[in-house]
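Note sheet for the following structure.
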Amino acid sequence: MDSRQQERENLEIELLLEAIFRYYGFDFRDYAPASLRRRIIKARDQEGISTITGLTERLLHNPNYLDRFVQALSVNVTSMFRDPEFFLTFRKKVVPMLRTYPSIQIWNAGCSTGEEAYSLAILLEEEGLYARTRIYATDINEEVLKKAREGIFPLEDMKDYTANYMKAGGEKSFSEYYSANYGNAIMRPGLGKNITFAQHNLVTDGPFNQFQVICCRNVTIYFNKELKNRVHELLYQSLVNFGILGLGSKESIHFTPKQGRYEQVENTISLYRKIG
Ligand SMILES: C[S@@+](CC[C@H](N)C(=O)[O-])C[C@H]1O[C@@H](n2cnc3c(N)ncnc32)[C@H](O)[C@@H]1O
């Protein structure tokens, strides 16, 4: 692609992002540009449209396409007990603090298809805390939330999840938590009873509660610095004093304006306690 074509494509992307923000309120304008560009082009090709401007037209004139487009733009990769050391530290260092609260509110922001929320539910049930816990698991993407509510995951993933669960300090047989059915693992019904799955956009929506724990893992890696800072402001506002913020293993509170407001719970693990 020559530089003139590149310039035109950049302009088309800018106009597309402006259009979905102004017309639908979905703000992807500050997402990391390289991965966003790749995803937009993939979405364009999947729709069999030759230009990004054509994609903008489809979006503006066909609201039914919006969910599919948001889905195409999101990276939804997730797993149960992802980065097991995170959950192990959560069990050892966060659970004792949670025991001091009569009721526990947890926000799982950017929950994707729900594996992280179910992992938290399992861990808290084993620690005897689940009955007094409510987990608000939110995502921008209604499609992944539908899957999360069903609580049905590919059976073939359970081998890896079992290994993660054990590394995360789990001592039961992981198969107690699901029943196998034609290639599916159906999560035990009671497990989802204190989880509320709901749509929330970290970029455009405000705080909606005060939480003892917020897990927002592997979500802001797709955001630029300004957007990341904005989300960190929202997370900070939504945490109680001494509340815990959990981030992804490649994420850190350092180099954000909030770094002095947290202390790390354990070296090398992205778990932070709000201190001021
Ligand atoms: C890679 S997944 C991470 C899932 C899970 N937290 C984990 O660590 O395994 C990122 C999720 O963030 C969601 N997401 C992206 N932008 C968002 C936004 N502005 N507000 C809320 N969720 C968003 C995506 O839809 C996707 O499901």
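Starting from 1 in every chain, residues are counted up; chains themselves are A, B, ... following the order of the structure tokens, and ligands are numbered from 1 as listed.
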Which residues are close to Val240 (chain A), i.e. within 6 Å by only C-alpha atoms, leaving aside same-chain residues fewer than 6 positions away? Reply as a PDB file with N, CA and C atoms, in the first residue's frame.
ATOM      1  N   GLN A 210     -19.621   0.318  44.988  1.00  0.00           N
ATOM      2  CA  GLN A 210     -18.327   0.306  45.683  1.00  0.00           C
ATOM      3  C   GLN A 210     -17.959  -1.156  45.924  1.00  0.00           C
ATOM      4  N   PHE A 211     -16.715  -1.504  45.616  1.00  0.00           N
ATOM      5  CA  PHE A 211     -16.326  -2.915  45.658  1.00  0.00           C
ATOM      6  C   PHE A 211     -15.144  -3.138  46.590  1.00  0.00           C
ATOM      7  N   GLN A 212     -15.100  -4.331  47.181  1.00  0.00           N
ATOM      8  CA  GLN A 212     -13.922  -4.737  47.964  1.00  0.00           C
ATOM      9  C   GLN A 212     -12.830  -5.259  47.038  1.00  0.00           C
TER      10      GLN A 212
END
Name the residues, by chain letter and number, that sit within 9 Å of ligand 1 using only C-alpha atoms and all ligand atoms, and give them as an mmCIF file with C-alpha atoms, in the first residue's frame.
data_model
loop_
_atom_site.group_PDB
_atom_site.id
_atom_site.type_symbol
_atom_site.label_atom_id
_atom_site.label_comp_id
_atom_site.auth_asym_id
_atom_site.auth_seq_id
_atom_site.Cartn_x
_atom_site.Cartn_y
_atom_site.Cartn_z
ATOM 1 C CA PHE A 26 -19.333 2.829 21.638
ATOM 2 C CA ASP A 27 -15.958 4.508 21.954
ATOM 3 C CA PHE A 28 -13.059 2.634 20.376
ATOM 4 C CA TYR A 31 -7.832 1.652 21.425
ATOM 5 C CA VAL A 70 -18.288 -5.087 18.548
ATOM 6 C CA GLN A 71 -17.619 -8.812 18.764
ATOM 7 C CA LEU A 73 -13.338 -5.716 17.496
ATOM 8 C CA SER A 74 -12.953 -7.383 20.855
ATOM 9 C CA VAL A 75 -10.298 -9.825 21.906
ATOM 10 C CA ASN A 76 -12.167 -12.298 24.077
ATOM 11 C CA VAL A 77 -9.458 -14.828 24.840
ATOM 12 C CA THR A 78 -9.799 -16.049 28.410
ATOM 13 C CA SER A 79 -9.545 -19.179 30.532
ATOM 14 C CA MET A 80 -10.357 -20.517 33.979
ATOM 15 C CA PHE A 81 -7.807 -19.749 36.679
ATOM 16 C CA ARG A 82 -5.797 -17.872 34.038
ATOM 17 C CA ASP A 83 -2.302 -17.213 35.409
ATOM 18 C CA ASN A 108 -15.074 -8.562 37.319
ATOM 19 C CA ALA A 109 -14.672 -5.888 34.617
ATOM 20 C CA GLY A 110 -14.122 -7.195 31.081
ATOM 21 C CA CYS A 111 -15.264 -10.701 32.033
ATOM 22 C CA SER A 112 -15.534 -12.029 28.456
ATOM 23 C CA THR A 113 -17.300 -15.437 28.378
ATOM 24 C CA GLY A 114 -17.292 -15.768 32.161
ATOM 25 C CA GLU A 115 -14.447 -18.173 32.938
ATOM 26 C CA GLU A 116 -12.796 -15.671 35.306
ATOM 27 C CA ALA A 117 -16.035 -15.032 37.223
ATOM 28 C CA THR A 138 -19.434 -6.982 33.084
ATOM 29 C CA ASP A 139 -18.294 -6.652 29.508
ATOM 30 C CA ILE A 140 -18.890 -4.289 26.612
ATOM 31 C CA ASN A 141 -19.890 -7.205 24.414
ATOM 32 C CA GLU A 142 -23.396 -8.657 24.714
ATOM 33 C CA GLU A 143 -22.464 -11.754 22.693
ATOM 34 C CA VAL A 144 -19.826 -12.952 25.190
ATOM 35 C CA LEU A 145 -22.188 -12.168 28.079
ATOM 36 C CA GLN A 199 -23.205 -4.966 29.954
ATOM 37 C CA HIS A 200 -20.935 -2.106 31.023
ATOM 38 C CA ASN A 201 -18.555 -0.071 28.899
ATOM 39 C CA LEU A 202 -15.426 0.917 30.817
ATOM 40 C CA VAL A 203 -14.851 3.818 28.442
ATOM 41 C CA THR A 204 -18.229 5.526 28.471
ATOM 42 C CA ASP A 205 -20.064 4.268 31.591
ATOM 43 C CA CYS A 215 -10.509 -7.710 38.720
ATOM 44 C CA CYS A 216 -9.912 -5.970 35.416
ATOM 45 C CA ARG A 217 -7.431 -8.277 33.754
ATOM 46 C CA ASN A 218 -6.189 -8.206 30.195
ATOM 47 C CA VAL A 219 -8.654 -5.499 29.181
ATOM 48 C CA THR A 220 -6.682 -2.252 29.135
ATOM 49 C CA ILE A 221 -3.762 -3.804 27.243
ATOM 50 C CA TYR A 222 -5.770 -2.896 24.159
ATOM 51 C CA PHE A 223 -6.110 0.764 25.227
ATOM 52 C CA VAL A 231 -10.211 3.472 33.204
ATOM 53 C CA LEU A 247 -4.764 -6.737 36.806
ATOM 54 C CA GLY A 248 -3.408 -9.072 34.123
ATOM 55 C CA SER A 249 0.063 -10.578 34.423
#
- Query: Which residue out of A:Lys225, A:Gly170, A:Gln105, A:Gly276 has the minimum interatomic distance to Phe87 (chain A) when only C-alpha atoms are used?
  - Reply: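 Among A:Lys225, A:Gly170, A:Gln105, A:Gly276, it is A:Gly170 that comes nearest to Phe87 (chain A).
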- Which polymer residues have any atom within 9 Å of an atom of Glu9 (chain A), counting only C-alpha atoms, with same-chain residues fewer than 4 positions away left out, as a list in words?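 Those residues are Arg4, Gln5, Ile13, Glu14, Thr51 and Ile52 of chain A.
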Just the residues within 8 Å of Lys167 (chain A), please, counting only C-alpha atoms, with nothing from its chain fewer than 2 positions along; format it as a PDB file with C-alpha atoms, in the first residue's frame.
ATOM      1  CA  PRO A  84      -2.830 -19.555  38.381  1.00  0.00           C
ATOM      2  CA  GLU A  85      -0.281 -17.716  40.595  1.00  0.00           C
ATOM      3  CA  LEU A  88      -3.011 -18.636  44.468  1.00  0.00           C
ATOM      4  CA  ALA A 163      -4.170 -28.042  35.850  1.00  0.00           C
ATOM      5  CA  ASN A 164      -4.659 -24.285  36.406  1.00  0.00           C
ATOM      6  CA  TYR A 165      -7.078 -24.940  39.257  1.00  0.00           C
ATOM      7  CA  GLY A 169      -4.298 -24.028  45.251  1.00  0.00           C
ATOM      8  CA  GLY A 170      -7.432 -26.040  44.432  1.00  0.00           C
TER       9      GLY A 170
END
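By only C-alpha atoms, and with residues fewer than 5 positions from Ala121 (chain A) along its chain excluded, the set lying at most 9 Å from it is Glu116, Glu126, Tyr130, Thr133, Ile135, Leu191, Gly192, Asn194 and Ile195 of chain A.
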- Query: Could you write out, as an MDAnalysis selection string, all the residues of region 9-172 of chain A that DSSP marks as strand (DSSP E)?
  - Reply: chainID A and resid 104:109 133:139 152:154
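Every protein, DNA or RNA residue with an atom at most 9 Å from Glu266 (chain A), where only C-alpha atoms count and chain neighbours fewer than 6 positions away do not, is listed here: Thr89, Lys93 and Tyr272 of chain A.
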Expected file: the selected residues, N, CA and C atoms, as a CSV table (one decimal), in the first residue's frame:
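File result_14.csv, as written:
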chain,number,residue,atom,x,y,z
A,89,THR,N,-2.2,-16.4,45.0
A,89,THR,CA,-2.0,-15.2,45.8
A,89,THR,C,-3.3,-14.7,46.4
A,93,LYS,N,-3.6,-14.2,50.2
A,93,LYS,CA,-3.4,-12.9,50.7
A,93,LYS,C,-4.7,-12.0,50.7
A,272,TYR,N,-3.1,-5.3,43.8
A,272,TYR,CA,-2.8,-4.1,44.5
A,272,TYR,C,-3.8,-3.7,45.5
Enumerate the residues of region 25-264 of chain A with a DSSP assignment of helix (DSSP H, G or I), computed from the backbone, and present them as a tab-separated table (two decimals) with N, CA and C atoms, in the first residue's frame.
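Output saved as selection.tsv:
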chain	number	residue	atom	x	y	z
A	33	PRO	N	-3.92	1.35	18.10
A	33	PRO	CA	-4.27	1.41	16.68
A	33	PRO	C	-3.92	0.17	15.85
A	34	ALA	N	-2.77	-0.47	16.12
A	34	ALA	CA	-2.36	-1.56	15.22
A	34	ALA	C	-3.34	-2.73	15.30
A	35	SER	N	-3.70	-3.14	16.54
A	35	SER	CA	-4.59	-4.30	16.64
A	35	SER	C	-6.00	-3.91	16.21
A	36	LEU	N	-6.39	-2.66	16.46
A	36	LEU	CA	-7.72	-2.19	16.04
A	36	LEU	C	-7.83	-2.24	14.51
A	37	ARG	N	-6.79	-1.76	13.85
A	37	ARG	CA	-6.78	-1.73	12.38
A	37	ARG	C	-6.93	-3.15	11.82
A	38	ARG	N	-6.15	-4.08	12.41
A	38	ARG	CA	-6.23	-5.48	11.96
A	38	ARG	C	-7.65	-6.03	12.09
A	39	ARG	N	-8.28	-5.70	13.21
A	39	ARG	CA	-9.61	-6.23	13.46
A	39	ARG	C	-10.67	-5.61	12.55
A	40	ILE	N	-10.52	-4.31	12.29
A	40	ILE	CA	-11.48	-3.64	11.40
A	40	ILE	C	-11.38	-4.24	10.00
A	41	ILE	N	-10.16	-4.47	9.55
A	41	ILE	CA	-9.98	-5.01	8.20
A	41	ILE	C	-10.53	-6.44	8.12
A	42	LYS	N	-10.33	-7.19	9.21
A	42	LYS	CA	-10.88	-8.55	9.25
A	42	LYS	C	-12.43	-8.50	9.20
A	43	ALA	N	-13.00	-7.56	9.97
A	43	ALA	CA	-14.47	-7.42	9.98
A	43	ALA	C	-14.96	-7.04	8.59
A	44	ARG	N	-14.26	-6.13	7.93
A	44	ARG	CA	-14.63	-5.69	6.57
A	44	ARG	C	-14.62	-6.90	5.62
A	45	ASP	N	-13.55	-7.69	5.72
A	45	ASP	CA	-13.43	-8.84	4.82
A	45	ASP	C	-14.51	-9.89	5.11
A	46	GLN	N	-14.78	-10.08	6.42
A	46	GLN	CA	-15.81	-11.07	6.78
A	46	GLN	C	-17.18	-10.67	6.23
A	52	ILE	N	-13.54	0.31	3.96
A	52	ILE	CA	-13.91	0.58	5.35
A	52	ILE	C	-15.08	1.56	5.39
A	53	THR	N	-15.14	2.46	4.40
A	53	THR	CA	-16.29	3.37	4.32
A	53	THR	C	-17.58	2.57	4.13
A	54	GLY	N	-17.50	1.49	3.36
A	54	GLY	CA	-18.67	0.63	3.18
A	54	GLY	C	-19.10	0.00	4.50
A	55	LEU	N	-18.13	-0.32	5.32
A	55	LEU	CA	-18.41	-0.89	6.65
A	55	LEU	C	-19.11	0.16	7.53
A	56	THR	N	-18.65	1.40	7.43
A	56	THR	CA	-19.28	2.49	8.19
A	56	THR	C	-20.74	2.62	7.77
A	57	GLU	N	-20.98	2.54	6.47
A	57	GLU	CA	-22.36	2.66	5.98
A	57	GLU	C	-23.22	1.53	6.54
A	58	ARG	N	-22.69	0.31	6.50
A	58	ARG	CA	-23.47	-0.83	7.02
A	58	ARG	C	-23.80	-0.63	8.50
A	59	LEU	N	-22.81	-0.14	9.24
A	59	LEU	CA	-23.03	0.05	10.67
A	59	LEU	C	-24.08	1.11	10.95
A	60	LEU	N	-24.02	2.22	10.21
A	60	LEU	CA	-24.95	3.32	10.48
A	60	LEU	C	-26.37	2.99	10.06
A	61	HIS	N	-26.50	2.16	9.02
A	61	HIS	CA	-27.84	1.90	8.48
A	61	HIS	C	-28.40	0.55	8.90
A	65	TYR	N	-26.24	-5.01	12.91
A	65	TYR	CA	-24.86	-5.43	12.68
A	65	TYR	C	-23.94	-5.03	13.83
A	66	LEU	N	-24.40	-4.09	14.66
A	66	LEU	CA	-23.50	-3.52	15.68
A	66	LEU	C	-22.89	-4.58	16.62
A	67	ASP	N	-23.74	-5.48	17.13
A	67	ASP	CA	-23.23	-6.49	18.09
A	67	ASP	C	-22.13	-7.32	17.45
A	68	ARG	N	-22.36	-7.69	16.19
A	68	ARG	CA	-21.37	-8.52	15.50
A	68	ARG	C	-20.06	-7.75	15.32
A	69	PHE	N	-20.19	-6.47	15.04
A	69	PHE	CA	-19.00	-5.64	14.84
A	69	PHE	C	-18.22	-5.49	16.15
A	70	VAL	N	-18.95	-5.22	17.24
A	70	VAL	CA	-18.29	-5.09	18.55
A	70	VAL	C	-17.56	-6.39	18.87
A	71	GLN	N	-18.23	-7.49	18.55
A	71	GLN	CA	-17.62	-8.81	18.76
A	71	GLN	C	-16.32	-8.93	17.96
A	72	ALA	N	-16.36	-8.47	16.71
A	72	ALA	CA	-15.18	-8.59	15.84
A	72	ALA	C	-14.03	-7.72	16.35
A	73	LEU	N	-14.38	-6.63	17.01
A	73	LEU	CA	-13.34	-5.72	17.50
A	73	LEU	C	-12.74	-6.14	18.83
A	84	PRO	N	-2.42	-18.98	37.09
A	84	PRO	CA	-2.83	-19.56	38.38
A	84	PRO	C	-2.18	-18.89	39.60
A	85	GLU	N	-0.95	-18.36	39.43
A	85	GLU	CA	-0.28	-17.72	40.59
A	85	GLU	C	-1.11	-16.54	41.11
A	86	PHE	N	-1.83	-15.89	40.18
A	86	PHE	CA	-2.69	-14.78	40.58
A	86	PHE	C	-3.74	-15.29	41.57
A	87	PHE	N	-4.37	-16.42	41.23
A	87	PHE	CA	-5.44	-16.96	42.08
A	87	PHE	C	-4.88	-17.55	43.37
A	88	LEU	N	-3.64	-18.10	43.27
A	88	LEU	CA	-3.01	-18.64	44.47
A	88	LEU	C	-2.76	-17.49	45.47
A	89	THR	N	-2.24	-16.38	44.97
A	89	THR	CA	-1.98	-15.23	45.84
A	89	THR	C	-3.30	-14.66	46.36
A	90	PHE	N	-4.31	-14.66	45.49
A	90	PHE	CA	-5.63	-14.19	45.91
A	90	PHE	C	-6.13	-15.01	47.10
A	91	ARG	N	-5.97	-16.32	46.97
A	91	ARG	CA	-6.40	-17.24	48.04
A	91	ARG	C	-5.64	-16.95	49.34
A	92	LYS	N	-4.31	-16.76	49.21
A	92	LYS	CA	-3.48	-16.63	50.42
A	92	LYS	C	-3.57	-15.24	51.05
A	93	LYS	N	-3.59	-14.22	50.19
A	93	LYS	CA	-3.45	-12.86	50.72
A	93	LYS	C	-4.74	-12.03	50.73
A	94	VAL	N	-5.63	-12.32	49.80
A	94	VAL	CA	-6.84	-11.48	49.71
A	94	VAL	C	-7.98	-12.10	50.52
A	95	VAL	N	-8.11	-13.42	50.46
A	95	VAL	CA	-9.20	-14.09	51.17
A	95	VAL	C	-9.23	-13.73	52.68
A	96	PRO	N	-8.07	-13.74	53.39
A	96	PRO	CA	-8.12	-13.40	54.82
A	96	PRO	C	-8.71	-12.01	55.07
A	97	MET	N	-8.42	-11.08	54.18
A	97	MET	CA	-8.98	-9.74	54.34
A	97	MET	C	-10.49	-9.74	54.05
A	98	LEU	N	-10.89	-10.55	53.06
A	98	LEU	CA	-12.32	-10.60	52.72
A	98	LEU	C	-13.15	-11.20	53.85
A	115	GLU	N	-15.33	-17.20	32.26
A	115	GLU	CA	-14.45	-18.17	32.94
A	115	GLU	C	-13.81	-17.59	34.20
A	116	GLU	N	-13.44	-16.31	34.15
A	116	GLU	CA	-12.80	-15.67	35.31
A	116	GLU	C	-13.78	-15.55	36.48
A	117	ALA	N	-15.02	-15.18	36.17
A	117	ALA	CA	-16.04	-15.03	37.22
A	117	ALA	C	-16.33	-16.38	37.88
A	118	TYR	N	-16.44	-17.45	37.05
A	118	TYR	CA	-16.67	-18.78	37.63
A	118	TYR	C	-15.47	-19.23	38.47
A	119	SER	N	-14.27	-18.86	38.05
A	119	SER	CA	-13.07	-19.22	38.83
A	119	SER	C	-13.14	-18.56	40.21
A	120	LEU	N	-13.52	-17.28	40.22
A	120	LEU	CA	-13.63	-16.57	41.50
A	120	LEU	C	-14.71	-17.22	42.38
A	121	ALA	N	-15.82	-17.60	41.75
A	121	ALA	CA	-16.91	-18.23	42.50
A	121	ALA	C	-16.43	-19.54	43.14
A	122	ILE	N	-15.71	-20.34	42.38
A	122	ILE	CA	-15.20	-21.63	42.89
A	122	ILE	C	-14.27	-21.39	44.07
A	123	LEU	N	-13.33	-20.46	43.87
A	123	LEU	CA	-12.34	-20.19	44.92
A	123	LEU	C	-13.05	-19.70	46.21
A	124	LEU	N	-14.00	-18.79	46.03
A	124	LEU	CA	-14.66	-18.24	47.22
A	124	LEU	C	-15.57	-19.27	47.89
A	125	GLU	N	-16.15	-20.15	47.08
A	125	GLU	CA	-16.96	-21.22	47.67
A	125	GLU	C	-16.09	-22.13	48.52
A	126	GLU	N	-14.92	-22.46	48.00
A	126	GLU	CA	-14.02	-23.34	48.76
A	126	GLU	C	-13.55	-22.68	50.05
A	130	TYR	N	-18.50	-17.67	49.55
A	130	TYR	CA	-19.33	-17.37	48.37
A	130	TYR	C	-20.76	-16.95	48.74
A	131	ALA	N	-21.29	-17.55	49.82
A	131	ALA	CA	-22.68	-17.26	50.18
A	131	ALA	C	-22.88	-15.77	50.47
A	132	ARG	N	-21.84	-15.08	50.92
A	132	ARG	CA	-22.01	-13.65	51.20
A	132	ARG	C	-21.34	-12.75	50.15
A	142	GLU	N	-22.22	-7.88	24.32
A	142	GLU	CA	-23.40	-8.66	24.71
A	142	GLU	C	-23.28	-10.13	24.29
A	143	GLU	N	-22.59	-10.37	23.18
A	143	GLU	CA	-22.46	-11.75	22.69
A	143	GLU	C	-21.71	-12.64	23.69
A	144	VAL	N	-20.58	-12.12	24.24
A	144	VAL	CA	-19.83	-12.95	25.19
A	144	VAL	C	-20.62	-13.11	26.49
A	145	LEU	N	-21.40	-12.08	26.84
A	145	LEU	CA	-22.19	-12.17	28.08
A	145	LEU	C	-23.24	-13.27	27.99
A	146	LYS	N	-23.81	-13.44	26.79
A	146	LYS	CA	-24.81	-14.52	26.60
A	146	LYS	C	-24.17	-15.86	26.92
A	147	LYS	N	-22.94	-16.06	26.41
A	147	LYS	CA	-22.25	-17.33	26.66
A	147	LYS	C	-21.93	-17.48	28.14
A	148	ALA	N	-21.52	-16.36	28.75
A	148	ALA	CA	-21.17	-16.40	30.17
A	148	ALA	C	-22.37	-16.83	31.01
A	149	ARG	N	-23.54	-16.28	30.67
A	149	ARG	CA	-24.75	-16.62	31.45
A	149	ARG	C	-25.09	-18.11	31.32
A	150	GLU	N	-24.82	-18.68	30.15
A	150	GLU	CA	-25.12	-20.11	29.95
A	150	GLU	C	-24.21	-20.98	30.80
A	155	LEU	N	-15.61	-28.92	26.56
A	155	LEU	CA	-15.10	-29.95	27.46
A	155	LEU	C	-13.59	-30.13	27.30
A	156	GLU	N	-13.13	-29.94	26.05
A	156	GLU	CA	-11.69	-30.17	25.79
A	156	GLU	C	-10.80	-29.18	26.56
A	157	ASP	N	-11.36	-28.05	26.99
A	157	ASP	CA	-10.55	-27.07	27.74
A	157	ASP	C	-10.36	-27.48	29.21
A	158	MET	N	-11.18	-28.43	29.66
A	158	MET	CA	-11.20	-28.73	31.10
A	158	MET	C	-9.89	-29.34	31.61
A	159	LYS	N	-9.16	-29.98	30.71
A	159	LYS	CA	-7.88	-30.56	31.13
A	159	LYS	C	-6.93	-29.43	31.58
A	160	ASP	N	-6.82	-28.41	30.73
A	160	ASP	CA	-5.97	-27.25	31.08
A	160	ASP	C	-6.50	-26.54	32.32
A	161	TYR	N	-7.82	-26.42	32.39
A	161	TYR	CA	-8.40	-25.68	33.52
A	161	TYR	C	-8.18	-26.44	34.83
A	162	THR	N	-8.20	-27.77	34.73
A	162	THR	CA	-7.95	-28.58	35.94
A	162	THR	C	-6.52	-28.32	36.43
A	163	ALA	N	-5.57	-28.30	35.48
A	163	ALA	CA	-4.17	-28.04	35.85
A	163	ALA	C	-4.05	-26.65	36.47
A	164	ASN	N	-4.70	-25.65	35.85
A	164	ASN	CA	-4.66	-24.28	36.41
A	164	ASN	C	-5.24	-24.25	37.81
A	165	TYR	N	-6.38	-24.92	37.97
A	165	TYR	CA	-7.08	-24.94	39.26
A	165	TYR	C	-6.16	-25.50	40.35
A	166	MET	N	-5.43	-26.57	40.01
A	166	MET	CA	-4.56	-27.17	41.03
A	166	MET	C	-3.39	-26.25	41.35
A	167	LYS	N	-2.83	-25.62	40.31
A	167	LYS	CA	-1.73	-24.67	40.56
A	167	LYS	C	-2.22	-23.46	41.37
A	174	PHE	N	-11.57	-31.14	40.20
A	174	PHE	CA	-12.19	-30.04	39.46
A	174	PHE	C	-13.48	-30.48	38.75
A	175	SER	N	-13.56	-31.79	38.44
A	175	SER	CA	-14.74	-32.28	37.73
A	175	SER	C	-16.02	-32.19	38.57
A	176	GLU	N	-15.87	-31.92	39.86
A	176	GLU	CA	-17.06	-31.70	40.70
A	176	GLU	C	-17.81	-30.44	40.28
A	177	TYR	N	-17.12	-29.56	39.57
A	177	TYR	CA	-17.72	-28.25	39.27
A	177	TYR	C	-18.47	-28.21	37.94
A	189	PRO	N	-25.04	-25.70	38.38
A	189	PRO	CA	-25.96	-24.56	38.38
A	189	PRO	C	-25.75	-23.58	39.55
A	190	GLY	N	-25.56	-24.10	40.77
A	190	GLY	CA	-25.44	-23.20	41.94
A	190	GLY	C	-24.25	-22.25	41.87
A	191	LEU	N	-23.30	-22.59	40.99
A	191	LEU	CA	-22.06	-21.81	40.93
A	191	LEU	C	-22.29	-20.38	40.43
A	192	GLY	N	-23.29	-20.25	39.56
A	192	GLY	CA	-23.55	-18.92	38.99
A	192	GLY	C	-24.54	-18.10	39.80
A	220	THR	N	-7.23	-3.55	29.56
A	220	THR	CA	-6.68	-2.25	29.14
A	220	THR	C	-5.40	-2.41	28.30
A	221	ILE	N	-4.94	-3.64	28.12
A	221	ILE	CA	-3.76	-3.80	27.24
A	221	ILE	C	-4.09	-3.37	25.82
A	222	TYR	N	-5.39	-3.31	25.51
A	222	TYR	CA	-5.77	-2.90	24.16
A	222	TYR	C	-6.05	-1.40	24.08
A	225	LYS	N	-2.58	5.07	26.29
A	225	LYS	CA	-2.28	5.56	27.64
A	225	LYS	C	-3.41	6.40	28.25
A	226	GLU	N	-3.97	7.27	27.41
A	226	GLU	CA	-5.00	8.18	27.91
A	226	GLU	C	-6.23	7.40	28.38
A	227	LEU	N	-6.60	6.42	27.57
A	227	LEU	CA	-7.78	5.62	27.88
A	227	LEU	C	-7.52	4.75	29.12
A	228	LYS	N	-6.31	4.20	29.18
A	228	LYS	CA	-5.92	3.39	30.33
A	228	LYS	C	-6.06	4.22	31.61
A	229	ASN	N	-5.55	5.45	31.55
A	229	ASN	CA	-5.60	6.33	32.72
A	229	ASN	C	-7.04	6.60	33.12
A	230	ARG	N	-7.89	6.80	32.11
A	230	ARG	CA	-9.31	7.08	32.39
A	230	ARG	C	-9.95	5.87	33.09
A	231	VAL	N	-9.64	4.68	32.60
A	231	VAL	CA	-10.21	3.47	33.20
A	231	VAL	C	-9.68	3.32	34.64
A	232	HIS	N	-8.39	3.61	34.83
A	232	HIS	CA	-7.83	3.48	36.19
A	232	HIS	C	-8.50	4.46	37.16
A	233	GLU	N	-8.89	5.62	36.68
A	233	GLU	CA	-9.62	6.57	37.52
A	233	GLU	C	-10.95	5.95	37.95
A	234	LEU	N	-11.65	5.35	36.99
A	234	LEU	CA	-12.95	4.72	37.27
A	234	LEU	C	-12.78	3.56	38.27
A	235	LEU	N	-11.75	2.73	38.07
A	235	LEU	CA	-11.55	1.59	38.97
A	235	LEU	C	-11.23	2.09	40.37
A	236	TYR	N	-10.39	3.10	40.44
A	236	TYR	CA	-10.00	3.67	41.74
A	236	TYR	C	-11.25	4.21	42.48
A	237	GLN	N	-12.08	4.95	41.74
A	237	GLN	CA	-13.30	5.52	42.34
A	237	GLN	C	-14.26	4.41	42.82
A	238	SER	N	-14.17	3.25	42.19
A	238	SER	CA	-15.13	2.18	42.48
A	238	SER	C	-14.66	1.24	43.59
A	259	GLN	N	-0.38	5.22	40.58
A	259	GLN	CA	0.58	4.28	41.16
A	259	GLN	C	0.87	4.53	42.64
A	260	GLY	N	0.83	5.81	43.08
A	260	GLY	CA	1.12	6.10	44.49
A	260	GLY	C	-0.06	5.78	45.40
A	261	ARG	N	-1.18	5.43	44.81
A	261	ARG	CA	-2.40	5.19	45.60
A	261	ARG	C	-2.62	3.71	45.93
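CA of Lys172 (chain A) is found 24.6 Å from CA of Val213 (chain A).
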